[in-house]
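*Asks:* I'd like to ask you about the structure that follows.
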Amino acid sequence: MLDRSLFADHCALVLEDDPRVRDRLIAALAQLGLTAEPITSTDAVQDLVDQSPPDLIVIGREFAGVDSLDLVRQVRRTDPAHWIPILMLGRDREGSAEVEALQGGCDDYLVHGFDTEVLFAKLTSLMRMRKLRKFSEFQRAELAAFRDRAESEADLARFLLSRLSRVEHLDAVGVAYHWLPAEGFSGDLLAATRSSSGDLYGLLADATGHGLAAAINLIPLTTAFYAMATKGFNLQAISEQLNKVVKDYSLPDRFVAVTLVRFAARERRLEVVNAGNPAALVVDRERRVVREIPSGSIPLGILDRPLFSPKVEAFELAGDEELLVFSDGLIEACNFEGELFGRDRILEAIAEADPAHDGLVLSLQTSLAAHCIGVSPSDDISLMVLRAPEADHHLVPGLPAANEAATAAPVAAPASPDAAQASTRSHPQKRCVVEVSFSSIELQRIDVVPVIVDLTRSIGLRKALESRFFTVLSELYVNALDHGLLALDSSLKAQPDGFERYFGLRSERLASLDDGEITIRLDHRYLREGGGTLQVEVTDTGPGFDHQRCIRALLNPELGDSSIPSGRGLGLLLTLCDKVKFNETGNSVCVDINYG
Amino acid sequence: MSLNVVSRNASSSIELPKTFNYSNHKDFKSAYSGLLEDGGVREVEVDFRATSYIDSAALGMLLMLRSCAEAAGKTVALINASGTVRDILEIAHFETLFAFR
């Protein structure tokens with residue numbers, strides 16, 4: 001059986017001196033469907049092979065007065081990617097002649113006077129070899145192209161991840177970290193930033209898989225993290241948004257485990273959302289683990305919003321504790337015997353760490369290196385240590401010394417806009433007034449303060465004023481919501497575990513809040529070149545409180561009136577604002593921030 | 001390594017190997033695809049009795065199974081998970097997504 005497809009549309013070169021043999025060959029080749037071209041001089045051979053390489057060469061032992069094996073060697077020197085099968089015809093029946101031909105570079109040998117069937121069989125075998133060679137050459141080229149593409153994708157992933165992780169950002173905010181990717185590029189990501197309110201935000205994300213697939217999940221994640229953290233959104237809002245972007249941009253079997261951290265500098269409060277990472281550890285200066293925050297939510301990118309409800313853990317720090325967060329790669333790092341690094345070694349390294357800020361990271365790094373000696377990690381390893389930022393000193397640059405007259409004797413007058421309007425009439429000014437009211441529906445759903453700060457920024461709040469404004473508005477808003485509408489008692493926070501109870505109660509009451517409204521009114525007046533007053537008035541529909549007594553107690557601590565709340569928030573307002581006015585009932589506060 | 005599929009009545013279980021990770025991806029997918037196409041199967045059980053290690057790709061495969069099962073109107077249960085495997089499933093809070101037995 002002849003496989004004619006091996007020969008169809010192919011061409012052969014025939015180099016044979018004897019015209020009878022040559023004609024017989026050409027006729028036989030034509031029978032197979034090969035176009036055969038006779039050559040009579042050696043000069044043309046190399047040109048033909050170079051310019052339009054034949055698919056087969058049949059060559060006599062001697063040709064045109066030269067040793068054909070020289071020609072064969074010449075052909076073989078050409079590009080090995082274009083392999084041409086060569087069949088040699090000889091008169092010599094001795095085995096040594098055949099050995100000589102095969103060793104000289106021919107693929108087969110046939111003695112003159114051959115049987116046509118044998119010729120056909122040998123040619124079929126040669127053409128089959130040629131087909132295989134062609135196929136493997138094609139595959140090799142495919143593979144090379146594929147490898148080039150994979151390499152350029154790896155370059156892209158590396159570039160993206162180096163841009164995403166912004167290590168310089170971590171250094172700038174004073175976060176200690178260790179980051180060791182498994183494959184030259186990582187599915188783990190560390191990020192940290194300070195918000196305009198002065199809080200420190202951190203993110204440790206571990207995406208399924210490595211490389212480009214993991215990097216793609218992390219792009220929208222970091223963008224959203226930086227955008228929201230810098231604006232001071234709460235962790236609930238940030239994790240919901242991060243969950244949404246991961247869900248929107250990834251395949252159903254992809255997800256991202258994250259630990260989100262917020263250190264509220266002023267309140268010395270630590271908030272953590274752990275969605276799918278190993279427990280985050282709070283470590284004190286004596287290097288004891290004083291608290292663990294295990295994974296409290298499903299990782300990001302799996303459930304849609306109503307089902308995805310991240311659990312925010314909040315507690316007050318006693319002193320200068322640090323928070324250690326790490327990816328599962330740390331626990332699972334194996335030594336050469338396949339033994340995991342494990343939790344016990346982590347706790348040991350913590351106990352041995354020195355109290356310096358980078359002590360924890362260094363101790364873990366050393367212990368990990370000793371464990372994994374001679375083994376490269378099979379999963380990305382990342383860890384990060386955050387400590388509470390220095391409180392507030394950067395918050396009030398250029399703040400005039402607290403206005404004694406205004407603060408010492410706050411005017412118990414209704415904070416109505418009348419006074420402001422009166423002054424507008426006598427001194428024409430440029431101003432911008434915004435009033436927004438939030439009902440219980442928005443209060444439950446929206447992180448109001450960053451939204452208002454964002455709005456204020458977009459209508460031209462100066463950057464230098466931003467953190468002061470953020471802090472003031474947060475105080476006013478928290479007072480209106482927590483105390484005015486939710487009737488929470490601050491003194492609860494002073495009790496052991498009171499902090500958690502306070503926040504637990506807060507989310508319960510907020511979730512069931514039916515009535516109630518908070519109105520925020522901003523009145524920005526430009527007084528002169530580069531200067532002005534930002535007036536902020538926050539009113540709630542709650543019963544109000546005895547502000548005069550609070551202020552009296554705050555200004556005269558020697559009276560020892562312990563029945564009133566801590567007054568920290570109020571004290572802060574008095575320091576940061578140039579004027580603080582309550583209405584009679586105490587459910588509306590109006591403050592002035594002068595600048596320039 | 002191929003995966004054993006054991007069927008009884010309306011539920012069928014896929015028995016996972018000692019280590020369940022991305023290398024089982026093809027086998028796992030073909031095992032559950034077969035079960036999801038089978039009209040007689042109402043629930044797919046994933047049996048971890050022999051499994052002592054899973055990774056995040058394994059969690060991803062379970063999520064894939066969950067979304068395919070949902071589309072086919074069937075449920076998925078994770079059974080006999082213990083030790084580290086159970087810890088990993090719990091850290092990811094998979095009990096909110098799957099029935100655990």
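Residues in the structure tokens are numbered from 1 in each chain, the chains being A, B, ... in the order shown, and ligands are numbered from 1 in the order shown.
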Could you give me the residues within chain B that DSSP places in alpha helix (DSSP H), as a count of residues only?
*Replies:* 38
*Asks:* Kindly provide, as number ranges by chain, the residues of chain A having any atom no farther than 10 Å from an atom of chain B, counting only C-alpha atoms.
*Replies:* A: 206-209, 251-257, 274-279, 294-300, 302-303, 307-308, 328, 379
*Asks:* Have a look at B:Ala69, B:Val5, B:Leu35, B:Ala99 and name the one nearest to Ala81 in chain B; count only C-alpha atoms.
*Replies:*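 Under the stated criterion, the closest residue is B:Ala99.
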*Asks:* Go through range 172-391 of chain A and collect every residue that DSSP, computed from the backbone, puts in strand (DSSP E or B); the answer should be as a PyMOL selection string.
*Replies:* chain A and resi 176-180+188-194+200-207+256-264+269-275+280-283+289-293+300+313-316+322-326+334+340+381-387
*Asks:* Near Pro85 in chain A, counting only C-alpha atoms, which residues have an atom at most 7 Å away, once you skip same-chain residues fewer than 3 positions from it, shown as an MDAnalysis selection string?
*Replies:* chainID A and resid 56:57 107 126 130
*Asks:* If we count only C-alpha atoms, what is near Ala356 in chain A at a cut-off of 12 Å, once residues fewer than 4 positions away on the same chain are taken out, given as a PDB file with all heavy atoms, in the first residue's frame?
*Replies:*
ATOM      1  N   ALA A 176       7.074  47.489  59.149  1.00  0.00           N
ATOM      2  CA  ALA A 176       8.131  46.497  58.944  1.00  0.00           C
ATOM      3  C   ALA A 176       7.528  45.302  58.223  1.00  0.00           C
ATOM      4  O   ALA A 176       6.393  44.927  58.502  1.00  0.00           O
ATOM      5  CB  ALA A 176       8.704  46.063  60.290  1.00  0.00           C
ATOM      6  N   ASP A 284       2.754  42.297  72.499  1.00  0.00           N
ATOM      7  CA  ASP A 284       3.155  43.459  73.295  1.00  0.00           C
ATOM      8  C   ASP A 284       4.682  43.590  73.329  1.00  0.00           C
ATOM      9  O   ASP A 284       5.396  42.803  72.724  1.00  0.00           O
ATOM     10  CB  ASP A 284       2.544  43.395  74.705  1.00  0.00           C
ATOM     11  CG  ASP A 284       3.136  42.267  75.537  1.00  0.00           C
ATOM     12  OD1 ASP A 284       4.104  41.620  75.066  1.00  0.00           O
ATOM     13  OD2 ASP A 284       2.635  42.024  76.644  1.00  0.00           O
ATOM     14  N   ARG A 285       5.184  44.599  74.061  1.00  0.00           N
ATOM     15  CA  ARG A 285       6.622  44.855  74.056  1.00  0.00           C
ATOM     16  C   ARG A 285       7.401  43.736  74.734  1.00  0.00           C
ATOM     17  O   ARG A 285       8.579  43.543  74.456  1.00  0.00           O
ATOM     18  CB  ARG A 285       6.912  46.199  74.744  1.00  0.00           C
ATOM     19  CG  ARG A 285       6.632  47.367  73.849  1.00  0.00           C
ATOM     20  CD  ARG A 285       7.444  47.296  72.557  1.00  0.00           C
ATOM     21  NE  ARG A 285       8.703  48.017  72.645  1.00  0.00           N
ATOM     22  CZ  ARG A 285       8.818  49.314  72.479  1.00  0.00           C
ATOM     23  NH1 ARG A 285       7.757  50.057  72.216  1.00  0.00           N
ATOM     24  NH2 ARG A 285       9.995  49.883  72.575  1.00  0.00           N
ATOM     25  N   GLU A 286       6.732  43.000  75.656  1.00  0.00           N
ATOM     26  CA  GLU A 286       7.407  41.855  76.292  1.00  0.00           C
ATOM     27  C   GLU A 286       7.388  40.644  75.364  1.00  0.00           C
ATOM     28  O   GLU A 286       7.785  39.556  75.749  1.00  0.00           O
ATOM     29  CB  GLU A 286       6.726  41.497  77.628  1.00  0.00           C
ATOM     30  CG  GLU A 286       7.266  42.265  78.824  1.00  0.00           C
ATOM     31  CD  GLU A 286       6.864  43.724  78.769  1.00  0.00           C
ATOM     32  OE1 GLU A 286       5.640  43.981  78.712  1.00  0.00           O
ATOM     33  OE2 GLU A 286       7.763  44.599  78.747  1.00  0.00           O
ATOM     34  N   ARG A 287       6.885  40.834  74.159  1.00  0.00           N
ATOM     35  CA  ARG A 287       6.821  39.790  73.143  1.00  0.00           C
ATOM     36  C   ARG A 287       5.902  38.645  73.542  1.00  0.00           C
ATOM     37  O   ARG A 287       6.206  37.472  73.303  1.00  0.00           O
ATOM     38  CB  ARG A 287       8.223  39.276  72.784  1.00  0.00           C
ATOM     39  CG  ARG A 287       9.115  40.348  72.152  1.00  0.00           C
ATOM     40  CD  ARG A 287       8.321  41.168  71.209  1.00  0.00           C
ATOM     41  NE  ARG A 287       9.098  42.071  70.350  1.00  0.00           N
ATOM     42  CZ  ARG A 287       8.516  43.053  69.642  1.00  0.00           C
ATOM     43  NH1 ARG A 287       7.221  43.264  69.720  1.00  0.00           N
ATOM     44  NH2 ARG A 287       9.238  43.823  68.858  1.00  0.00           N
ATOM     45  N   ASP A 320       1.874  50.114  73.647  1.00  0.00           N
ATOM     46  CA  ASP A 320       2.391  50.150  72.279  1.00  0.00           C
ATOM     47  C   ASP A 320       2.495  48.739  71.695  1.00  0.00           C
ATOM     48  O   ASP A 320       3.553  48.309  71.268  1.00  0.00           O
ATOM     49  CB  ASP A 320       3.722  50.894  72.212  1.00  0.00           C
ATOM     50  CG  ASP A 320       4.627  50.494  73.363  1.00  0.00           C
ATOM     51  OD1 ASP A 320       4.280  49.511  74.060  1.00  0.00           O
ATOM     52  OD2 ASP A 320       5.662  51.141  73.552  1.00  0.00           O
ATOM     53  N   GLU A 321       1.384  48.035  71.697  1.00  0.00           N
ATOM     54  CA  GLU A 321       1.363  46.715  71.078  1.00  0.00           C
ATOM     55  C   GLU A 321       1.558  46.838  69.570  1.00  0.00           C
ATOM     56  O   GLU A 321       1.306  47.879  68.982  1.00  0.00           O
ATOM     57  CB  GLU A 321       0.019  46.008  71.330  1.00  0.00           C
ATOM     58  CG  GLU A 321      -0.292  45.755  72.783  1.00  0.00           C
ATOM     59  CD  GLU A 321      -1.197  46.816  73.336  1.00  0.00           C
ATOM     60  OE1 GLU A 321      -1.094  47.974  72.892  1.00  0.00           O
ATOM     61  OE2 GLU A 321      -2.009  46.491  74.225  1.00  0.00           O
ATOM     62  N   GLU A 322       2.019  45.733  68.984  1.00  0.00           N
ATOM     63  CA  GLU A 322       2.150  45.689  67.529  1.00  0.00           C
ATOM     64  C   GLU A 322       1.230  44.606  66.986  1.00  0.00           C
ATOM     65  O   GLU A 322       0.862  43.681  67.705  1.00  0.00           O
ATOM     66  CB  GLU A 322       3.587  45.359  67.142  1.00  0.00           C
ATOM     67  CG  GLU A 322       4.561  46.462  67.498  1.00  0.00           C
ATOM     68  CD  GLU A 322       5.990  46.069  67.180  1.00  0.00           C
ATOM     69  OE1 GLU A 322       6.414  44.963  67.577  1.00  0.00           O
ATOM     70  OE2 GLU A 322       6.656  46.868  66.529  1.00  0.00           O
ATOM     71  N   GLU A 352      11.198  35.329  71.096  1.00  0.00           N
ATOM     72  CA  GLU A 352      12.623  35.649  71.104  1.00  0.00           C
ATOM     73  C   GLU A 352      12.940  37.004  70.497  1.00  0.00           C
ATOM     74  O   GLU A 352      14.081  37.458  70.523  1.00  0.00           O
ATOM     75  CB  GLU A 352      13.403  34.568  70.339  1.00  0.00           C
ATOM     76  CG  GLU A 352      13.530  33.277  71.123  1.00  0.00           C
ATOM     77  CD  GLU A 352      13.945  32.114  70.237  1.00  0.00           C
ATOM     78  OE1 GLU A 352      14.283  32.352  69.053  1.00  0.00           O
ATOM     79  OE2 GLU A 352      13.919  30.974  70.736  1.00  0.00           O
ATOM     80  N   LEU A 360      10.318  41.876  65.463  1.00  0.00           N
ATOM     81  CA  LEU A 360       9.477  40.721  65.108  1.00  0.00           C
ATOM     82  C   LEU A 360       9.824  40.189  63.725  1.00  0.00           C
ATOM     83  O   LEU A 360      10.004  38.990  63.537  1.00  0.00           O
ATOM     84  CB  LEU A 360       7.998  41.118  65.141  1.00  0.00           C
ATOM     85  CG  LEU A 360       7.325  41.189  66.508  1.00  0.00           C
ATOM     86  CD1 LEU A 360       5.887  41.666  66.347  1.00  0.00           C
ATOM     87  CD2 LEU A 360       7.362  39.828  67.187  1.00  0.00           C
ATOM     88  N   VAL A 361       9.926  41.113  62.769  1.00  0.00           N
ATOM     89  CA  VAL A 361      10.206  40.695  61.397  1.00  0.00           C
ATOM     90  C   VAL A 361      11.567  40.024  61.318  1.00  0.00           C
ATOM     91  O   VAL A 361      11.713  38.947  60.724  1.00  0.00           O
ATOM     92  CB  VAL A 361      10.124  41.895  60.429  1.00  0.00           C
ATOM     93  CG1 VAL A 361      10.685  41.533  59.075  1.00  0.00           C
ATOM     94  CG2 VAL A 361       8.682  42.353  60.285  1.00  0.00           C
ATOM     95  N   LEU A 362      12.573  40.624  61.958  1.00  0.00           N
ATOM     96  CA  LEU A 362      13.924  40.059  61.905  1.00  0.00           C
ATOM     97  C   LEU A 362      13.968  38.671  62.522  1.00  0.00           C
ATOM     98  O   LEU A 362      14.566  37.745  61.973  1.00  0.00           O
ATOM     99  CB  LEU A 362      14.904  40.985  62.633  1.00  0.00           C
ATOM    100  CG  LEU A 362      15.297  42.245  61.866  1.00  0.00           C
ATOM    101  CD1 LEU A 362      16.223  43.103  62.701  1.00  0.00           C
ATOM    102  CD2 LEU A 362      15.946  41.870  60.535  1.00  0.00           C
ATOM    103  N   SER A 363      13.324  38.521  63.681  1.00  0.00           N
ATOM    104  CA  SER A 363      13.359  37.246  64.369  1.00  0.00           C
ATOM    105  C   SER A 363      12.673  36.158  63.539  1.00  0.00           C
ATOM    106  O   SER A 363      13.172  35.031  63.409  1.00  0.00           O
ATOM    107  CB  SER A 363      12.681  37.390  65.731  1.00  0.00           C
ATOM    108  OG  SER A 363      12.620  36.158  66.371  1.00  0.00           O
ATOM    109  N   VAL A 385       4.371  43.926  60.020  1.00  0.00           N
ATOM    110  CA  VAL A 385       4.151  44.328  61.408  1.00  0.00           C
ATOM    111  C   VAL A 385       3.771  45.805  61.428  1.00  0.00           C
ATOM    112  O   VAL A 385       4.496  46.649  60.909  1.00  0.00           O
ATOM    113  CB  VAL A 385       5.408  44.094  62.267  1.00  0.00           C
ATOM    114  CG1 VAL A 385       5.203  44.650  63.669  1.00  0.00           C
ATOM    115  CG2 VAL A 385       5.733  42.613  62.330  1.00  0.00           C
ATOM    116  N   ARG A 387       2.426  49.137  63.778  1.00  0.00           N
ATOM    117  CA  ARG A 387       2.239  49.645  65.132  1.00  0.00           C
ATOM    118  C   ARG A 387       1.523  50.978  65.031  1.00  0.00           C
ATOM    119  O   ARG A 387       1.557  51.638  63.994  1.00  0.00           O
ATOM    120  CB  ARG A 387       3.563  49.730  65.886  1.00  0.00           C
ATOM    121  CG  ARG A 387       4.455  50.853  65.490  1.00  0.00           C
ATOM    122  CD  ARG A 387       5.579  51.121  66.475  1.00  0.00           C
ATOM    123  NE  ARG A 387       6.084  49.945  67.165  1.00  0.00           N
ATOM    124  CZ  ARG A 387       7.265  49.912  67.781  1.00  0.00           C
ATOM    125  NH1 ARG A 387       8.039  50.974  67.768  1.00  0.00           N
ATOM    126  NH2 ARG A 387       7.673  48.838  68.408  1.00  0.00           N
TER     127      ARG A 387
END
*Asks:* For the atom pair CA of Leu317 in chain A and CA of Gln495 in chain A, what is the interatomic distance in Å to one decimal place?
*Replies:*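 CA of Leu317 in chain A sits 13.5 Å away from CA of Gln495 in chain A.
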